[in-house]
Amino acid sequence: MTSQEKTIQSTTKASQNKTVYSILFLLSFVHLLNDSIQALVPAMFPILEEAMSLSYTQIGIIAFALNMTASVIQPVVGLYTDKKPSPYALPIGLCFTFLGVLLLAYAPGFYTVVLAVTFIGIGSATFHPEGSRVAFMAAGKKRGLAQSIYQVGGNAGQALAPLITAFILVPLGQFGSIWFTLVAGLAVVLLFYIAKWYKEEMHRRVANKRKNHGTGTVILQQHRNKIRMAFALLLFLVFVRSWFHAGIANYYQFFVINEYGMTISQAQIYLFIFLGAGAVGTFAGGPLADRFGKRNILILSMLGSAPFALLLPHVGPFFAYPLMAIIGFIILSSFSVAVVYGQELIPGKIGVVSGMIVGLAFGMGAIGAVIFGLLADWIGLYSTMLIAVFLPLLGCLTFWLPSDQWMNKELSES
């Protein structure tokens with residue numbers, strides 16, 4: 001190898017180890033914009049129900065259309081972009097979102113609303129796997145921190161739903177959603193800038209990726225069965241976390257209303273504490289994983305929240321406040337960590353891995369919400385909460401995941 005080749009290789013490696021914070025924070029902001037638009041749909045349910053005289057079944061169909069497109073097709077998008085990286089799929093996808101918001105503002109009836117949320121879902125499904133890939137590329141050595149920065153934007157966007165309802169939709173009605181075309185338009189502009197960086201960075205890495213591809217393939221072949229089992233277990237744990245999150249986020253407010261005589265407004269405080277602490281936990285989990293290990297944080301997230309979760313149905317309304325904060329922080333500290341762990345477990349499949357972990361997690365959360373609703377009607381809300389708070393105990397299965405040391409040793413060249 002000549003001195004010039006060594007210099008080029010050294011420069012390429014240094015570039016890949018550098019954390020590009022400007023791209024990460026910009027990506028996180030776009031994630032906030034995207035998920036605030038996605039949060040617009042459930043925030044509009046009371047408005048649409050009154051304006052169009054929709055049934056609860058029709059509202060359920062609208063929610064289903066959004067979840068199916070925004071969540072379940074993410075792995076399909078990720079699978080395609082893993083084979084053919086598509087930097088400009090990011091802004092193009094948000095153009096679908098722009099069209100969906102425009103349709104939503106002018107929708108005359110139920111079927112147009114379904115079409116509108118389908119467009120919004122397509123834009124979101126395109127953004128998330130590719131956004132996760134950009135976060136991975138911009139991470140350098142700080143993959144946990146990078147994924148946390150990216151994901152916390154989405155969590156913040158989802159938390160805007162109550163504000164959207166109170167300050168925009170209630171005074172302006174259905175047409176108030178037209179203002180979110182500005183949000184979608186801003187996201188498209190910013191994503192063109194991110195896509196330009198993504199394309200340039202991808203070209204810089206092509207030569208180095210081709211050089212190391214053969215060795216990595218041998219290593220993956222050698223450990224194929226262990227990797228498959230580990231990834232299946234990781235997905236199951238993510239589903240369990242999503243089911244637990246859905247049970248608490250959707251039904252604990254009804255629990256405190258029934259058990260403690262709280263008003264609807266008072267019950268919302270518990271939900272706000274849970275979601276707010278979860279957003280903080282999402283951000284904190286990545287840096288903690290970078291320092292203490294990803295599997296350790298995955299273990300802590302599930303088993304660490306279990307004793308507090310088990311206490312939750314049995315304490316009074318006062319002690320429920322700090323418990324909700326503790327549970328929310330701990331259980332969602334693994335949100336970004338699970339994505340990074342999966343990406344390192346299956347190198348080279350960043351899009352499909354993030355699509356499965358993030359997309360299917362939200363999809364399973366929606367299914368979990370339906371299941372908990374059926375249970376609440378069948379066996380009662382109190383018994384349903386007892387089942388929900390038991391779920392974090394399944395985190396004991398996390399001990400069967402490969403250690404960070406094993407992955408660093410066996411898969412580092414992939």
# chains A, B, ... in the order shown; residues from 1 in each chain; ligands from 1
>>> select_by_dssp(residues="stretch 73-262 of chain A", states="alpha helix (DSSP H)", output="ChimeraX atom specification")
/A:74-83,89-106,110-138,143-158,161-164,170-172,180-222,224-260
>>> write_last_selection(atoms="C-alpha atoms", output="compact mmCIF listing (two decimals), in the first residue's frame")
# COMPACT_ATOMS: atom_id res chain seq x y z
CA GLN A 74 -41.36 0.62 7.20
CA PRO A 75 -39.42 -2.68 6.94
CA VAL A 76 -40.36 -2.89 3.24
CA VAL A 77 -38.97 0.60 2.65
CA GLY A 78 -35.88 -0.31 4.66
CA LEU A 79 -35.34 -3.51 2.68
CA TYR A 80 -35.45 -1.59 -0.61
CA THR A 81 -33.15 1.24 0.51
CA ASP A 82 -30.63 -1.22 1.98
CA LYS A 83 -30.20 -2.59 -1.55
CA ALA A 89 -36.43 9.44 -0.88
CA LEU A 90 -36.45 11.55 2.31
CA PRO A 91 -37.82 14.79 0.79
CA ILE A 92 -39.93 12.90 -1.77
CA GLY A 93 -41.58 10.96 1.05
CA LEU A 94 -42.45 14.16 2.91
CA CYS A 95 -44.08 15.46 -0.28
CA PHE A 96 -46.65 12.67 0.23
CA THR A 97 -47.15 13.98 3.75
CA PHE A 98 -47.67 17.51 2.40
CA LEU A 99 -50.34 16.21 0.02
CA GLY A 100 -51.97 14.23 2.83
CA VAL A 101 -52.24 17.27 5.10
CA LEU A 102 -53.69 19.34 2.26
CA LEU A 103 -56.32 16.65 1.58
CA LEU A 104 -57.10 16.40 5.29
CA ALA A 105 -57.88 20.11 5.56
CA TYR A 106 -60.35 19.99 2.65
CA PHE A 110 -64.76 9.74 5.52
CA TYR A 111 -63.15 8.17 2.44
CA THR A 112 -61.13 11.28 1.64
CA VAL A 113 -59.87 11.34 5.22
CA VAL A 114 -58.71 7.71 4.87
CA LEU A 115 -56.87 8.61 1.65
CA ALA A 116 -55.31 11.65 3.33
CA VAL A 117 -53.96 9.74 6.34
CA THR A 118 -52.66 7.04 3.99
CA PHE A 119 -50.54 9.67 2.24
CA ILE A 120 -49.33 10.94 5.63
CA GLY A 121 -48.47 7.39 6.63
CA ILE A 122 -46.51 6.77 3.42
CA GLY A 123 -44.43 9.87 4.05
CA SER A 124 -43.72 8.82 7.62
CA ALA A 125 -42.88 5.24 6.60
CA THR A 126 -40.36 6.57 4.07
CA PHE A 127 -38.77 8.99 6.51
CA HIS A 128 -38.11 6.75 9.50
CA PRO A 129 -35.85 3.99 8.07
CA GLU A 130 -33.85 6.45 5.96
CA GLY A 131 -33.69 8.91 8.85
CA SER A 132 -32.27 6.16 11.03
CA ARG A 133 -29.68 5.40 8.33
CA VAL A 134 -28.59 9.06 8.26
CA ALA A 135 -28.30 9.05 12.06
CA PHE A 136 -26.14 5.91 11.84
CA MET A 137 -23.89 7.50 9.20
CA ALA A 138 -23.54 10.74 11.19
CA ARG A 143 -24.03 5.51 17.88
CA GLY A 144 -26.17 5.42 21.00
CA LEU A 145 -26.07 9.19 21.45
CA ALA A 146 -26.74 9.78 17.75
CA GLN A 147 -29.81 7.53 17.71
CA SER A 148 -31.07 9.20 20.91
CA ILE A 149 -30.77 12.67 19.36
CA TYR A 150 -32.69 11.43 16.32
CA GLN A 151 -35.42 9.59 18.23
CA VAL A 152 -36.08 12.24 20.89
CA GLY A 153 -37.26 14.60 18.15
CA GLY A 154 -39.97 12.11 17.21
CA ASN A 155 -41.04 11.64 20.82
CA ALA A 156 -41.31 15.41 21.25
CA GLY A 157 -43.39 15.65 18.09
CA GLN A 158 -45.81 12.98 19.30
CA ALA A 161 -50.92 16.25 20.13
CA PRO A 162 -52.68 17.81 23.19
CA LEU A 163 -51.31 21.25 22.25
CA ILE A 164 -52.37 20.80 18.62
CA VAL A 170 -60.52 23.51 18.73
CA PRO A 171 -60.64 27.18 17.63
CA LEU A 172 -60.15 26.57 13.87
CA PHE A 180 -49.41 21.96 8.89
CA THR A 181 -48.70 22.26 5.19
CA LEU A 182 -46.15 24.86 6.30
CA VAL A 183 -44.67 22.31 8.70
CA ALA A 184 -44.47 19.69 5.94
CA GLY A 185 -43.02 22.22 3.49
CA LEU A 186 -40.27 23.21 5.95
CA ALA A 187 -39.46 19.53 6.51
CA VAL A 188 -39.13 18.96 2.75
CA VAL A 189 -36.69 21.87 2.37
CA LEU A 190 -34.53 20.72 5.27
CA LEU A 191 -34.54 17.13 3.99
CA PHE A 192 -33.11 18.24 0.64
CA TYR A 193 -30.10 19.61 2.54
CA ILE A 194 -29.79 16.39 4.60
CA ALA A 195 -30.15 14.27 1.44
CA LYS A 196 -27.27 16.18 -0.19
CA TRP A 197 -25.00 15.38 2.79
CA TYR A 198 -26.25 11.75 2.80
CA LYS A 199 -25.40 11.32 -0.89
CA GLU A 200 -21.90 12.79 -0.52
CA GLU A 201 -21.17 10.71 2.60
CA MET A 202 -22.43 7.55 0.90
CA HIS A 203 -20.05 8.07 -2.05
CA ARG A 204 -17.12 8.55 0.34
CA ARG A 205 -17.82 5.21 1.97
CA VAL A 206 -18.33 3.07 -1.12
CA ALA A 207 -14.67 2.17 -1.68
CA ASN A 208 -14.06 1.25 1.96
CA LYS A 209 -17.29 -0.79 2.13
CA ARG A 210 -16.36 -2.84 -0.94
CA LYS A 211 -12.92 -3.54 0.47
CA ASN A 212 -14.27 -5.02 3.74
CA HIS A 213 -17.39 -6.69 2.33
CA GLY A 214 -15.93 -10.17 1.87
CA THR A 215 -14.65 -10.57 5.44
CA GLY A 216 -17.90 -9.36 6.93
CA THR A 217 -19.93 -11.82 4.88
CA VAL A 218 -17.85 -14.75 6.16
CA ILE A 219 -18.34 -13.64 9.74
CA LEU A 220 -22.10 -13.26 9.27
CA GLN A 221 -22.34 -16.71 7.67
CA GLN A 222 -20.41 -18.21 10.57
CA ARG A 224 -25.97 -16.74 11.14
CA ASN A 225 -28.10 -18.87 13.49
CA LYS A 226 -27.04 -17.01 16.62
CA ILE A 227 -27.72 -13.67 14.96
CA ARG A 228 -31.18 -14.77 13.78
CA MET A 229 -32.16 -16.00 17.24
CA ALA A 230 -30.81 -12.86 18.89
CA PHE A 231 -32.66 -10.55 16.50
CA ALA A 232 -35.91 -12.49 16.94
CA LEU A 233 -35.54 -12.16 20.72
CA LEU A 234 -34.78 -8.44 20.38
CA LEU A 235 -37.95 -7.95 18.30
CA PHE A 236 -40.00 -9.84 20.88
CA LEU A 237 -38.64 -7.64 23.69
CA VAL A 238 -39.43 -4.52 21.66
CA PHE A 239 -42.98 -5.81 21.13
CA VAL A 240 -43.35 -6.44 24.88
CA ARG A 241 -42.17 -2.91 25.62
CA SER A 242 -44.63 -1.55 23.03
CA TRP A 243 -47.52 -3.53 24.53
CA PHE A 244 -46.69 -2.26 28.01
CA HIS A 245 -46.36 1.31 26.75
CA ALA A 246 -49.70 1.03 24.95
CA GLY A 247 -51.40 -0.33 28.06
CA ILE A 248 -50.17 2.50 30.28
CA ALA A 249 -50.44 5.33 27.74
CA ASN A 250 -53.97 4.45 26.63
CA TYR A 251 -55.68 3.03 29.71
CA TYR A 252 -54.02 4.25 32.90
CA GLN A 253 -55.91 7.54 32.55
CA PHE A 254 -59.19 5.59 32.66
CA PHE A 255 -57.84 3.60 35.61
CA VAL A 256 -57.26 6.71 37.74
CA ILE A 257 -60.65 8.12 36.74
CA ASN A 258 -62.41 4.93 37.87
CA GLU A 259 -60.27 4.09 40.92
CA TYR A 260 -59.42 7.54 42.28
>>> residues_around(residues="A:Cys396", least_positions_apart="3", cutoff="9 Å", atoms="only C-alpha atoms", output="PyMOL selection string")
chain A and resi 299+302-303+392-393+399-400
>>> closest_residue(among="A:Val358, A:Ile331, A:Phe319, A:Ala284", to="A:Gln343", atoms="only C-alpha atoms")
A:Val358
